[in-house]
$ cat work06.cif   # mmCIF, C-alpha atoms
data_entry
#
loop_
_atom_site.label_atom_id
_atom_site.label_comp_id
_atom_site.auth_asym_id
_atom_site.auth_seq_id
_atom_site.Cartn_x
_atom_site.Cartn_y
_atom_site.Cartn_z
CA MET A 1168 0.00 0.00 0.00
CA ALA A 1169 1.51 3.32 -1.06
CA LYS A 1170 1.65 6.05 1.52
CA THR A 1171 -0.59 8.26 -0.60
CA ASP A 1172 -3.34 5.59 -0.77
CA ARG A 1173 -6.62 6.33 0.90
CA MET A 1174 -7.05 3.89 3.78
CA LYS A 1175 -10.13 2.55 5.53
CA ILE A 1176 -9.39 2.87 9.23
CA GLY A 1177 -11.33 1.71 12.26
CA VAL A 1178 -10.54 3.43 15.57
CA LEU A 1179 -11.63 1.80 18.86
CA CYS A 1180 -11.65 3.88 22.04
CA HIS A 1181 -13.26 4.72 25.36
CA PRO A 1182 -15.84 7.54 25.21
CA THR A 1183 -14.13 9.66 27.85
CA TYR A 1184 -12.71 13.10 28.52
CA GLY A 1185 -9.50 11.31 29.50
CA GLY A 1186 -6.37 11.23 27.35
CA SER A 1187 -7.06 8.02 25.43
CA GLY A 1188 -10.55 9.07 24.33
CA VAL A 1189 -9.40 12.58 23.42
CA VAL A 1190 -6.37 11.47 21.41
CA ALA A 1191 -8.31 8.74 19.60
CA SER A 1192 -11.05 11.19 18.62
CA GLU A 1193 -8.63 13.90 17.52
CA LEU A 1194 -6.60 11.37 15.54
CA ALA A 1195 -9.73 10.07 13.81
CA LEU A 1196 -10.72 13.61 12.84
CA SER A 1197 -7.20 14.39 11.59
CA LEU A 1198 -7.05 11.24 9.47
CA ALA A 1199 -10.43 12.06 7.95
CA GLU A 1200 -9.15 15.54 7.07
CA ARG A 1201 -6.32 13.83 5.18
CA GLY A 1202 -8.80 11.95 3.01
CA HIS A 1203 -8.91 8.59 4.77
CA GLU A 1204 -12.21 6.86 5.44
CA VAL A 1205 -12.41 6.70 9.21
CA HIS A 1206 -14.85 4.82 11.44
CA LEU A 1207 -14.80 5.23 15.21
CA PHE A 1208 -16.21 2.48 17.47
CA SER A 1209 -17.22 3.07 21.08
CA HIS A 1210 -20.14 2.37 23.40
CA ARG A 1211 -20.99 6.10 23.59
CA ALA A 1212 -20.10 9.15 21.56
CA PRO A 1213 -16.69 10.47 22.74
CA PRO A 1214 -17.10 14.15 23.73
CA ARG A 1215 -14.31 15.47 21.49
CA LEU A 1216 -15.88 13.73 18.49
CA ALA A 1217 -19.45 14.65 19.37
CA ARG A 1218 -18.73 18.38 19.24
CA ALA A 1219 -16.66 18.21 16.03
CA SER A 1220 -17.87 18.55 12.45
CA GLY A 1221 -15.28 16.25 10.86
CA ARG A 1222 -16.25 13.44 8.50
CA VAL A 1223 -15.75 10.51 10.88
CA GLU A 1224 -18.44 7.83 10.96
CA LEU A 1225 -19.37 6.96 14.53
CA HIS A 1226 -20.50 3.43 15.38
CA VAL A 1227 -22.05 3.21 18.85
CA ALA A 1228 -22.15 -0.43 19.98
CA GLN A 1229 -23.71 -0.87 23.40
CA GLY A 1230 -24.69 -4.52 23.36
CA VAL A 1231 -28.01 -6.06 24.32
CA PRO A 1232 -28.96 -6.22 28.02
CA TYR A 1233 -29.66 -9.80 29.06
CA PRO A 1234 -30.27 -11.31 32.53
CA LEU A 1235 -27.35 -13.71 32.08
CA PHE A 1236 -24.88 -10.80 31.94
CA HIS A 1237 -23.88 -8.81 35.01
CA ALA A 1238 -23.16 -5.88 32.68
CA THR A 1239 -23.90 -5.16 29.05
CA PRO A 1240 -21.01 -6.65 26.99
CA HIS A 1241 -19.91 -3.52 25.14
CA ASP A 1242 -16.63 -5.10 24.05
CA LEU A 1243 -18.36 -7.97 22.26
CA ALA A 1244 -20.82 -5.59 20.65
CA ILE A 1245 -17.92 -3.48 19.36
CA THR A 1246 -16.16 -6.57 17.99
CA SER A 1247 -19.35 -7.58 16.19
CA ALA A 1248 -19.80 -4.06 14.78
CA VAL A 1249 -16.22 -4.03 13.50
CA LEU A 1250 -16.69 -7.42 11.83
CA ASP A 1251 -19.98 -6.36 10.25
CA LEU A 1252 -18.37 -3.25 8.77
CA HIS A 1253 -15.27 -5.12 7.64
CA GLU A 1254 -17.37 -7.66 5.76
CA SER A 1255 -19.11 -4.93 3.78
CA LEU A 1256 -16.28 -2.43 3.48
CA GLY A 1257 -12.92 -4.13 3.97
CA LEU A 1258 -11.05 -2.20 6.66
CA ASP A 1259 -7.28 -1.80 6.25
CA ILE A 1260 -6.39 -0.81 9.82
CA LEU A 1261 -7.91 -1.32 13.25
CA HIS A 1262 -6.34 1.14 15.68
CA ALA A 1263 -7.12 0.19 19.27
CA HIS A 1264 -6.59 2.85 21.95
CA TYR A 1265 -6.09 1.14 25.32
CA ALA A 1266 -5.15 -2.50 25.68
CA LEU A 1267 -8.38 -3.61 27.34
CA PRO A 1268 -10.86 -4.17 25.94
CA HIS A 1269 -10.17 -2.50 22.60
CA ALA A 1270 -7.00 -4.28 21.53
CA VAL A 1271 -8.66 -7.59 22.44
CA SER A 1272 -11.74 -6.64 20.38
CA ALA A 1273 -9.57 -5.63 17.43
CA LEU A 1274 -7.51 -8.84 17.57
CA LEU A 1275 -10.65 -10.98 17.80
CA ALA A 1276 -12.08 -9.18 14.76
CA ARG A 1277 -8.82 -9.69 12.87
CA SER A 1278 -8.81 -13.40 13.73
CA ALA A 1279 -12.38 -13.83 12.53
CA ALA A 1280 -11.60 -11.92 9.33
CA LYS A 1281 -8.67 -14.25 8.58
CA GLY A 1282 -11.17 -17.06 8.28
CA ARG A 1283 -12.74 -15.36 5.28
CA PRO A 1284 -10.32 -15.76 2.35
CA SER A 1285 -12.33 -13.35 0.19
CA GLN A 1286 -10.97 -10.37 2.16
CA ARG A 1287 -7.62 -9.44 3.61
CA ALA A 1288 -7.72 -9.17 7.40
CA PRO A 1289 -7.04 -5.69 8.79
CA ARG A 1290 -3.76 -4.89 10.53
CA VAL A 1291 -4.08 -4.15 14.25
CA VAL A 1292 -2.25 -1.19 15.79
CA THR A 1293 -2.48 -0.89 19.58
CA THR A 1294 -1.69 2.35 21.40
CA LEU A 1295 -0.92 2.17 25.12
CA HIS A 1296 -2.01 5.20 27.11
CA GLY A 1297 -0.85 4.45 30.63
CA THR A 1298 -3.22 2.88 33.12
CA ASP A 1299 -3.89 0.02 30.70
CA ILE A 1300 -0.31 -1.00 31.60
CA THR A 1301 0.42 0.55 34.99
CA LEU A 1302 -2.92 -0.18 36.68
CA VAL A 1303 -5.29 -2.49 34.80
CA GLY A 1304 -2.59 -4.42 32.98
CA ASN A 1305 -0.57 -4.82 36.16
CA ASP A 1306 -3.42 -6.72 37.80
CA GLN A 1307 -2.67 -10.44 37.61
CA SER A 1308 -6.25 -11.19 36.59
CA TYR A 1309 -5.66 -9.27 33.35
CA ALA A 1310 -1.90 -9.48 32.82
CA PRO A 1311 -1.91 -12.59 30.57
CA LEU A 1312 -4.49 -11.01 28.27
CA VAL A 1313 -2.60 -7.71 28.10
CA ARG A 1314 0.61 -9.60 27.30
CA TYR A 1315 -1.22 -11.32 24.44
CA THR A 1316 -2.38 -7.98 22.98
CA LEU A 1317 1.19 -6.69 23.06
CA THR A 1318 2.66 -9.67 21.23
CA ALA A 1319 -0.22 -10.32 18.83
CA SER A 1320 -0.73 -6.76 17.55
CA ASP A 1321 0.89 -5.93 14.21
CA ALA A 1322 2.29 -2.72 15.75
CA VAL A 1323 2.31 -1.25 19.25
CA THR A 1324 2.86 2.36 20.24
CA ALA A 1325 3.09 4.10 23.61
CA VAL A 1326 2.62 7.76 24.45
CA SER A 1327 5.97 8.13 26.26
CA ALA A 1328 9.35 6.48 26.64
CA ASP A 1329 8.57 6.05 30.32
CA LEU A 1330 5.52 3.96 29.42
CA VAL A 1331 7.64 1.77 27.14
CA GLN A 1332 9.99 1.16 30.07
CA ARG A 1333 7.10 0.40 32.42
CA THR A 1334 5.66 -2.03 29.89
CA ALA A 1335 8.99 -3.86 29.62
CA GLU A 1336 9.24 -4.02 33.42
CA ASN A 1337 5.73 -5.44 33.76
CA PHE A 1338 5.67 -7.83 30.81
CA GLY A 1339 9.28 -8.71 30.11
CA PRO A 1340 11.92 -6.87 28.07
CA GLU A 1341 12.48 -9.88 25.83
CA ALA A 1342 8.91 -9.88 24.55
CA MET A 1343 8.71 -6.09 24.29
CA ALA A 1344 12.19 -5.23 22.99
CA GLY A 1345 11.95 -3.20 19.82
CA ARG A 1346 8.22 -3.77 19.44
CA ILE A 1347 6.90 -0.54 20.93
CA ALA A 1348 7.32 2.78 19.15
CA VAL A 1349 7.04 6.01 21.12
CA VAL A 1350 4.41 8.23 19.52
CA PRO A 1351 3.55 11.06 21.93
CA ASN A 1352 0.19 12.69 22.30
CA PHE A 1353 -0.44 15.81 20.25
CA VAL A 1354 -2.32 19.07 20.41
CA ASP A 1355 -4.23 21.12 17.86
CA LEU A 1356 -2.26 24.36 17.95
CA ALA A 1357 -4.97 26.21 16.05
CA GLU A 1358 -7.53 25.43 18.74
CA PHE A 1359 -5.28 25.65 21.80
CA HIS A 1360 -3.35 28.92 21.59
CA PRO A 1361 -2.58 31.92 23.81
CA GLY A 1362 -4.78 34.33 21.89
CA VAL A 1363 -7.98 32.40 22.50
CA ALA A 1364 -8.46 34.32 25.77
CA THR A 1365 -6.42 36.64 27.96
CA ALA A 1366 -6.60 37.52 31.62
CA GLN A 1367 -8.57 40.70 32.21
CA THR A 1368 -6.85 43.68 33.78
CA GLY A 1369 -7.02 43.35 37.52
CA SER A 1370 -8.03 39.69 37.43
CA PRO A 1371 -6.72 37.64 40.38
CA PRO A 1372 -3.75 35.28 39.91
CA THR A 1373 -5.28 31.93 38.99
CA VAL A 1374 -4.35 28.25 39.07
CA VAL A 1375 -6.32 25.93 36.77
CA HIS A 1376 -6.68 22.16 36.84
CA VAL A 1377 -8.64 19.86 34.51
CA SER A 1378 -9.30 16.19 35.19
CA ASN A 1379 -11.81 13.41 35.69
CA PHE A 1380 -11.38 13.68 39.48
CA ARG A 1381 -10.24 10.07 39.80
CA ALA A 1382 -8.08 9.18 42.81
CA VAL A 1383 -4.88 9.13 40.72
CA LYS A 1384 -5.41 12.83 39.87
CA ARG A 1385 -5.27 13.76 43.59
CA VAL A 1386 -7.52 16.79 43.40
CA PRO A 1387 -8.07 16.91 47.20
CA TRP A 1388 -4.27 16.85 47.58
CA LEU A 1389 -4.06 19.77 45.13
CA VAL A 1390 -6.65 21.73 47.13
CA GLU A 1391 -4.63 21.16 50.30
CA ALA A 1392 -1.42 22.28 48.59
CA PHE A 1393 -3.21 25.42 47.36
CA ALA A 1394 -4.37 26.05 50.92
CA LEU A 1395 -0.74 25.80 52.09
CA ALA A 1396 0.19 28.45 49.53
CA CYS A 1397 -2.57 30.73 50.82
CA GLY A 1398 -2.29 29.91 54.53
CA PRO A 1399 -1.27 32.12 57.46
CA GLY A 1400 2.23 33.48 57.08
CA SER A 1401 2.42 32.48 53.42
CA PRO A 1402 2.84 34.93 50.51
CA GLY A 1403 -0.70 34.19 49.46
CA GLU A 1404 -2.36 34.98 52.80
CA ALA A 1405 -3.15 38.59 51.95
CA THR A 1406 -3.91 37.97 48.26
CA ASP A 1407 -6.94 37.02 46.18
CA TRP A 1408 -5.39 33.95 44.57
CA ARG A 1409 -7.87 31.56 42.97
CA LEU A 1410 -8.00 27.85 42.09
CA LEU A 1411 -10.22 26.88 39.16
CA LEU A 1412 -11.16 23.18 38.97
CA VAL A 1413 -12.64 21.86 35.72
CA GLY A 1414 -14.19 18.42 35.38
CA ASP A 1415 -16.15 15.95 37.46
CA GLY A 1416 -15.73 12.50 38.91
CA PRO A 1417 -15.53 10.37 42.05
CA ASP A 1418 -13.35 12.74 44.10
CA GLN A 1419 -15.27 15.94 43.55
CA ALA A 1420 -17.16 15.71 46.86
CA ARG A 1421 -13.89 15.01 48.72
CA SER A 1422 -12.31 17.99 46.99
CA ARG A 1423 -15.14 20.26 48.07
CA ARG A 1424 -14.79 19.06 51.64
CA ALA A 1425 -11.03 19.62 51.50
CA ALA A 1426 -11.58 23.21 50.34
CA LYS A 1427 -14.01 23.86 53.19
CA ASN A 1428 -11.89 22.14 55.83
CA CYS A 1429 -8.80 24.10 54.73
CA GLY A 1430 -10.68 27.40 54.77
CA VAL A 1431 -10.21 28.13 51.05
CA ASP A 1432 -13.70 27.26 49.78
CA GLU A 1433 -14.26 30.90 48.76
CA ARG A 1434 -11.07 30.82 46.68
CA VAL A 1435 -11.83 27.53 44.89
CA THR A 1436 -14.32 27.33 42.02
CA PHE A 1437 -15.72 24.02 40.75
CA LEU A 1438 -16.83 24.49 37.16
CA GLY A 1439 -17.77 20.90 36.39
CA THR A 1440 -17.30 19.40 32.95
CA ARG A 1441 -16.68 21.93 30.19
CA ASP A 1442 -15.81 21.63 26.50
CA ALA A 1443 -14.45 25.15 26.02
CA LEU A 1444 -11.07 24.32 27.54
CA PRO A 1445 -8.81 26.75 25.62
CA GLY A 1446 -10.72 29.72 26.98
CA LEU A 1447 -10.18 28.45 30.51
CA LEU A 1448 -6.54 27.44 30.15
CA ALA A 1449 -5.13 30.47 28.33
CA PRO A 1450 -5.87 33.19 30.94
CA ALA A 1451 -4.50 31.18 33.88
CA ASP A 1452 -1.13 31.93 35.44
CA VAL A 1453 -0.24 28.28 35.96
CA TYR A 1454 -1.68 24.84 35.25
CA ALA A 1455 -1.46 22.36 38.15
CA LEU A 1456 -0.93 18.67 37.44
CA SER A 1457 -1.01 16.87 40.78
CA SER A 1458 -1.30 13.26 39.58
CA SER A 1459 0.46 10.45 41.43
CA GLU A 1460 0.81 8.60 38.11
CA GLU A 1461 0.81 10.12 34.63
CA SER A 1462 2.19 8.44 31.52
CA PHE A 1463 2.06 11.66 29.48
CA GLY A 1464 -0.17 14.47 30.74
CA LEU A 1465 -2.32 15.63 27.82
CA SER A 1466 -3.97 18.39 29.85
CA ALA A 1467 -0.51 19.79 30.61
CA LEU A 1468 0.33 19.84 26.90
CA GLU A 1469 -2.92 21.60 26.04
CA SER A 1470 -2.14 24.22 28.69
CA MET A 1471 1.37 24.69 27.29
CA ALA A 1472 -0.11 25.22 23.82
CA CYS A 1473 -2.26 27.97 25.36
CA GLY A 1474 0.87 29.67 26.70
CA THR A 1475 0.30 28.59 30.29
CA PRO A 1476 3.24 27.09 32.23
CA VAL A 1477 2.76 23.86 34.15
CA LEU A 1478 3.52 22.93 37.75
CA ALA A 1479 3.53 19.14 37.96
CA CYS A 1480 4.60 16.23 40.11
CA ASN A 1481 7.59 14.56 38.49
CA VAL A 1482 6.06 11.17 37.73
CA GLY A 1483 5.94 8.87 34.72
CA GLY A 1484 6.32 10.61 31.38
CA VAL A 1485 5.57 14.14 32.59
CA SER A 1486 9.22 15.21 32.29
CA GLU A 1487 9.05 14.29 28.59
CA VAL A 1488 6.34 16.95 28.19
CA VAL A 1489 7.30 19.66 30.70
CA GLU A 1490 10.89 20.90 30.71
CA ASP A 1491 11.67 21.79 34.31
CA GLY A 1492 12.58 25.45 34.76
CA VAL A 1493 11.78 26.30 31.13
CA SER A 1494 8.16 25.48 30.30
CA GLY A 1495 7.15 24.79 33.88
CA TRP A 1496 8.25 23.32 37.19
CA LEU A 1497 8.53 19.71 38.40
CA VAL A 1498 8.43 18.78 42.07
CA ASP A 1499 8.54 15.57 44.08
CA VAL A 1500 5.27 13.65 44.09
CA ASP A 1501 5.20 13.29 47.88
CA ASP A 1502 6.01 16.88 48.82
CA PRO A 1503 2.89 19.05 49.16
CA GLN A 1504 4.95 21.93 50.57
CA ALA A 1505 7.14 21.96 47.45
CA PHE A 1506 3.98 22.01 45.33
CA ALA A 1507 2.60 24.88 47.43
CA ASP A 1508 5.87 26.77 47.03
CA GLY A 1509 5.67 26.24 43.26
CA LEU A 1510 2.14 27.64 43.16
CA SER A 1511 3.26 30.61 45.23
CA ARG A 1512 6.23 31.25 42.92
CA ALA A 1513 4.04 31.13 39.80
CA LEU A 1514 1.33 33.40 41.23
CA ARG A 1515 3.64 35.96 42.83
CA ASP A 1516 5.77 36.52 39.72
CA ARG A 1517 3.21 36.73 36.92
CA ASP A 1518 5.72 38.23 34.48
CA ARG A 1519 8.00 35.19 34.87
CA SER A 1520 5.01 32.89 34.50
CA ARG A 1521 4.10 34.60 31.22
CA ALA A 1522 7.68 34.22 29.97
CA MET A 1523 7.65 30.53 30.84
CA GLY A 1524 4.28 30.25 29.16
CA ALA A 1525 5.81 31.56 25.94
CA SER A 1526 8.51 28.88 26.19
CA ALA A 1527 5.81 26.30 26.83
CA ARG A 1528 4.05 27.31 23.63
CA GLU A 1529 7.30 26.99 21.68
CA ARG A 1530 7.85 23.49 23.07
CA ALA A 1531 4.33 22.46 22.10
CA GLU A 1532 4.89 23.78 18.58
CA SER A 1533 8.26 22.12 18.08
CA LEU A 1534 7.53 18.67 19.55
CA PHE A 1535 3.81 18.00 19.78
CA ALA A 1536 2.08 19.64 16.81
CA ARG A 1537 -0.82 17.61 15.46
CA ASP A 1538 0.45 17.12 11.91
CA ARG A 1539 3.86 15.96 13.12
CA ILE A 1540 2.35 13.19 15.25
CA VAL A 1541 -0.34 12.14 12.76
CA ASP A 1542 2.47 11.69 10.22
CA GLN A 1543 4.05 9.18 12.61
CA TYR A 1544 0.83 7.21 12.90
CA GLU A 1545 0.40 7.16 9.11
CA ASN A 1546 3.95 5.83 8.73
CA ILE A 1547 3.11 3.01 11.16
CA TYR A 1548 -0.07 2.17 9.25
CA HIS A 1549 1.98 1.75 6.07
CA LEU A 1550 4.67 -0.53 7.51
#

$ encode --input "work06.cif" --output "structure tokens"
Amino acid sequence: MAKTDRMKIGVLCHPTYGGSGVVASELALSLAERGHEVHLFSHRAPPRLARASGRVELHVAQGVPYPLFHATPHDLAITSAVLDLHESLGLDILHAHYALPHAVSALLARSAAKGRPSQRAPRVVTTLHGTDITLVGNDQSYAPLVRYTLTASDAVTAVSADLVQRTAENFGPEAMAGRIAVVPNFVDLAEFHPGVATAQTGSPPTVVHVSNFRAVKRVPWLVEAFALACGPGSPGEATDWRLLLVGDGPDQARSRRAAKNCGVDERVTFLGTRDALPGLLAPADVYALSSSEESFGLSALESMACGTPVLACNVGGVSEVVEDGVSGWLVDVDDPQAFADGLSRALRDRDRSRAMGASARERAESLFARDRIVDQYENIYHL
């Protein structure tokens, strides 16, 4: 297949605001812009795809509720939907985002397609996003199946070099050596840019955070660190510093309680889930990434593209995104005082924060531009 050929590509992903769902949706839209025929399979419409106008065909496969099942088997429904489309269309590529269940679904569809000599079976590309290896895949009840997806896929990519290393540690360097290509996440620089919104004159210094409020994101921990920065005797005690929290999830109630217990509930705003992220990221003085585990940090990259520097815990692949002291600051994951000091530094010296934000934008442009990364995926499809 020549690189200029139009391909028929199936993308399988979770319908989430998290990194894997966002990247899969943005990749599908980008491939469609390049003239490929793209079909996205999920059990709900991914938010980034739902609000886009690109020519990607969405296949929602939810499965049929049945008393025998404890939960509706979305993964089997997706496999069946992929097979049905392949029989009528002839897909060239199945790109599974997240090892479970999507790589398994794609491999099962490929195996079934091989039994039909009238059509060539699609190639399976699996992209690892992080917790499919470090959390889910590390559970012994799933590890054998994850190992199978890694060895059976035609190509495997990971969003950071750190994730490649973690995969080798968990599943054996012999099996993984040379098989996994690092293809980082990307950002649409036309959508996420500094000019999309600016801080109004006299607006208070602001920290912003976006997440799904899962435990790994440590939003209550972030609230407590912010309270340390604003507490008695701190530089922020006599200021109007603000913390803006975007998103929703299991830890939101705990985060609200933390704000009240720490006496900063009037400084912390919970916006809930929002789609207009660039307009929230660009005016902020600093983006806070407080995760205890992060294989890449897509929200940090989107903030950098908006010209907002990042303060993050130095875990996983974050240091591959944020250059410490240039496009942001990295601190130890178990040191809330260091995180509080970083927030204080960013909010007290807004001119320095803006300068670092400009460097952050340059880093996003040079390393993580959408077209640059989509080129890498296209090259893998054509191997």

$ closest_residue --input "work06.cif" --among "A:Ala1426, A:Cys1480, A:Ala1266, A:Ala1364" --to "Thr1298 in chain A" --atoms "only C-alpha atoms"
A:Ala1266

$ residues_around --input "work06.cif" --residues "range 1274-1281 of chain A" --least-positions-apart "6" --cutoff "12 Å" --atoms "all atoms listed in the file" --output "ChimeraX atom specification"
/A:1177,1179,1242-1255,1257-1263,1266-1268,1287-1293,1312-1313,1315-1322

$ closest_residue --input "work06.cif" --among "A:Leu1207, A:His1376, A:Arg1515, A:Arg1346" --to "Ile1547 in chain A" --atoms "all atoms listed in the file"
A:Arg1346

$ closest_residue --input "work06.cif" --among "A:His1210, A:Arg1283, A:His1241, A:His1296" --to "Glu1461 in chain A" --atoms "only C-alpha atoms"
A:His1296

$ residues_around --input "work06.cif" --residues "Ala1451 in chain A" --least-positions-apart "3" --cutoff "6 Å" --atoms "all atoms listed in the file" --output "PDB file with C-alpha atoms, keeping the file's coordinate frame"
ATOM      1  CA  THR A1373      -5.280  31.930  38.990  1.00  0.00           C
ATOM      2  CA  VAL A1374      -4.350  28.250  39.070  1.00  0.00           C
ATOM      3  CA  LEU A1448      -6.540  27.440  30.150  1.00  0.00           C
TER       4      LEU A1448
END

$ residues_around --input "work06.cif" --residues "Gly1369 in chain A" --least-positions-apart "4" --cutoff "12 Å" --atoms "all atoms listed in the file" --output "ChimeraX atom specification"
/A:1365,1373,1407-1408

$ closest_residue --input "work06.cif" --among "A:Gly1416, A:Pro1450, A:Pro1214, A:Gly1339" --to "Ala1191 in chain A" --atoms "only C-alpha atoms"
A:Pro1214

$ residues_around --input "work06.cif" --residues "Ser1511 in chain A" --least-positions-apart "6" --cutoff "7 Å" --atoms "only C-alpha atoms" --output "JSON list (two decimals) with C-alpha atoms, keeping the file's coordinate frame"
[["chain", "number", "residue", "atom", "x", "y", "z"],
["A", 1396, "ALA", "CA", 0.19, 28.45, 49.53],
["A", 1402, "PRO", "CA", 2.84, 34.93, 50.51],
["A", 1403, "GLY", "CA", -0.70, 34.19, 49.46]]

$ resolve_selection --input "work06.cif" --expression "the PyMOL selection byres ((chain A and resi 1541) around 12)" --output "PyMOL selection string"
chain A and resi 1190-1191+1193-1201+1350-1355+1535-1540+1542-1548

$ write_last_selection --input "work06.cif" --atoms "C-alpha atoms" --output "PDB file, in the coordinates of the input"
ATOM      1  CA  VAL A1190      -6.370  11.470  21.410  1.00  0.00           C
ATOM      2  CA  ALA A1191      -8.310   8.740  19.600  1.00  0.00           C
ATOM      3  CA  GLU A1193      -8.630  13.900  17.520  1.00  0.00           C
ATOM      4  CA  LEU A1194      -6.600  11.370  15.540  1.00  0.00           C
ATOM      5  CA  ALA A1195      -9.730  10.070  13.810  1.00  0.00           C
ATOM      6  CA  LEU A1196     -10.720  13.610  12.840  1.00  0.00           C
ATOM      7  CA  SER A1197      -7.200  14.390  11.590  1.00  0.00           C
ATOM      8  CA  LEU A1198      -7.050  11.240   9.470  1.00  0.00           C
ATOM      9  CA  ALA A1199     -10.430  12.060   7.950  1.00  0.00           C
ATOM     10  CA  GLU A1200      -9.150  15.540   7.070  1.00  0.00           C
ATOM     11  CA  ARG A1201      -6.320  13.830   5.180  1.00  0.00           C
ATOM     12  CA  VAL A1350       4.410   8.230  19.520  1.00  0.00           C
ATOM     13  CA  PRO A1351       3.550  11.060  21.930  1.00  0.00           C
ATOM     14  CA  ASN A1352       0.190  12.690  22.300  1.00  0.00           C
ATOM     15  CA  PHE A1353      -0.440  15.810  20.250  1.00  0.00           C
ATOM     16  CA  VAL A1354      -2.320  19.070  20.410  1.00  0.00           C
ATOM     17  CA  ASP A1355      -4.230  21.120  17.860  1.00  0.00           C
ATOM     18  CA  PHE A1535       3.810  18.000  19.780  1.00  0.00           C
ATOM     19  CA  ALA A1536       2.080  19.640  16.810  1.00  0.00           C
ATOM     20  CA  ARG A1537      -0.820  17.610  15.460  1.00  0.00           C
ATOM     21  CA  ASP A1538       0.450  17.120  11.910  1.00  0.00           C
ATOM     22  CA  ARG A1539       3.860  15.960  13.120  1.00  0.00           C
ATOM     23  CA  ILE A1540       2.350  13.190  15.250  1.00  0.00           C
ATOM     24  CA  ASP A1542       2.470  11.690  10.220  1.00  0.00           C
ATOM     25  CA  GLN A1543       4.050   9.180  12.610  1.00  0.00           C
ATOM     26  CA  TYR A1544       0.830   7.210  12.900  1.00  0.00           C
ATOM     27  CA  GLU A1545       0.400   7.160   9.110  1.00  0.00           C
ATOM     28  CA  ASN A1546       3.950   5.830   8.730  1.00  0.00           C
ATOM     29  CA  ILE A1547       3.110   3.010  11.160  1.00  0.00           C
ATOM     30  CA  TYR A1548      -0.070   2.170   9.250  1.00  0.00           C
TER      31      TYR A1548
END

$ residues_around --input "work06.cif" --residues "range 1418-1424 of chain A" --least-positions-apart "2" --cutoff "6 Å" --atoms "only C-alpha atoms" --output "list in words"
Phe1380, Arg1381, Pro1387, Gly1416, Ala1426, Lys1427 and Asn1428 of chain A

$ closest_residue --input "work06.cif" --among "A:Thr1334, A:Cys1473, A:Ser1533, A:Val1383" --to "Pro1417 in chain A" --atoms "all atoms listed in the file"
A:Val1383

$ resolve_selection --input "work06.cif" --expression "the PyMOL selection byres ((chain A and resi 1488-1500) around 7)" --output "ChimeraX atom specification"
/A:1459,1463,1468,1476-1482,1485-1487,1501-1502,1505-1506,1523-1524,1526-1527

$ write_last_selection --input "work06.cif" --atoms "C-alpha atoms" --output "PDB file, in the frame of the given file"
ATOM      1  CA  SER A1459       0.460  10.450  41.430  1.00  0.00           C
ATOM      2  CA  PHE A1463       2.060  11.660  29.480  1.00  0.00           C
ATOM      3  CA  LEU A1468       0.330  19.840  26.900  1.00  0.00           C
ATOM      4  CA  PRO A1476       3.240  27.090  32.230  1.00  0.00           C
ATOM      5  CA  VAL A1477       2.760  23.860  34.150  1.00  0.00           C
ATOM      6  CA  LEU A1478       3.520  22.930  37.750  1.00  0.00           C
ATOM      7  CA  ALA A1479       3.530  19.140  37.960  1.00  0.00           C
ATOM      8  CA  CYS A1480       4.600  16.230  40.110  1.00  0.00           C
ATOM      9  CA  ASN A1481       7.590  14.560  38.490  1.00  0.00           C
ATOM     10  CA  VAL A1482       6.060  11.170  37.730  1.00  0.00           C
ATOM     11  CA  VAL A1485       5.570  14.140  32.590  1.00  0.00           C
ATOM     12  CA  SER A1486       9.220  15.210  32.290  1.00  0.00           C
ATOM     13  CA  GLU A1487       9.050  14.290  28.590  1.00  0.00           C
ATOM     14  CA  ASP A1501       5.200  13.290  47.880  1.00  0.00           C
ATOM     15  CA  ASP A1502       6.010  16.880  48.820  1.00  0.00           C
ATOM     16  CA  ALA A1505       7.140  21.960  47.450  1.00  0.00           C
ATOM     17  CA  PHE A1506       3.980  22.010  45.330  1.00  0.00           C
ATOM     18  CA  MET A1523       7.650  30.530  30.840  1.00  0.00           C
ATOM     19  CA  GLY A1524       4.280  30.250  29.160  1.00  0.00           C
ATOM     20  CA  SER A1526       8.510  28.880  26.190  1.00  0.00           C
ATOM     21  CA  ALA A1527       5.810  26.300  26.830  1.00  0.00           C
TER      22      ALA A1527
END

$ atom_distance --input "work06.cif" --atom1 "CA of Ala1217 in chain A" --atom2 "CA of Met1471 in chain A"
24.4 Å

$ atom_distance --input "work06.cif" --atom1 "CA of Ile1176 in chain A" --atom2 "CA of Leu1225 in chain A"
12.0 Å

$ residues_near_point --input "work06.cif" --point "(-7.9, 18.8, 28.4)" --cutoff "7 Å" --atoms "only C-alpha atoms" --output "list in words"
Val1377, Leu1444, Leu1465, Ser1466 and Glu1469 of chain A

$ axis_aligned_box --input "work06.cif" --around "range 1515-1528 of chain A" --padding-each-side "4 Å" --output "AutoDock Vina command-line options"
--center_x 5.9 --center_y 32.3 --center_z 33.2 --size_x 13.3 --size_y 19.9 --size_z 27.2

$ atom_distance --input "work06.cif" --atom1 "CA of Asp1329 in chain A" --atom2 "CA of Ser1458 in chain A"
15.3 Å
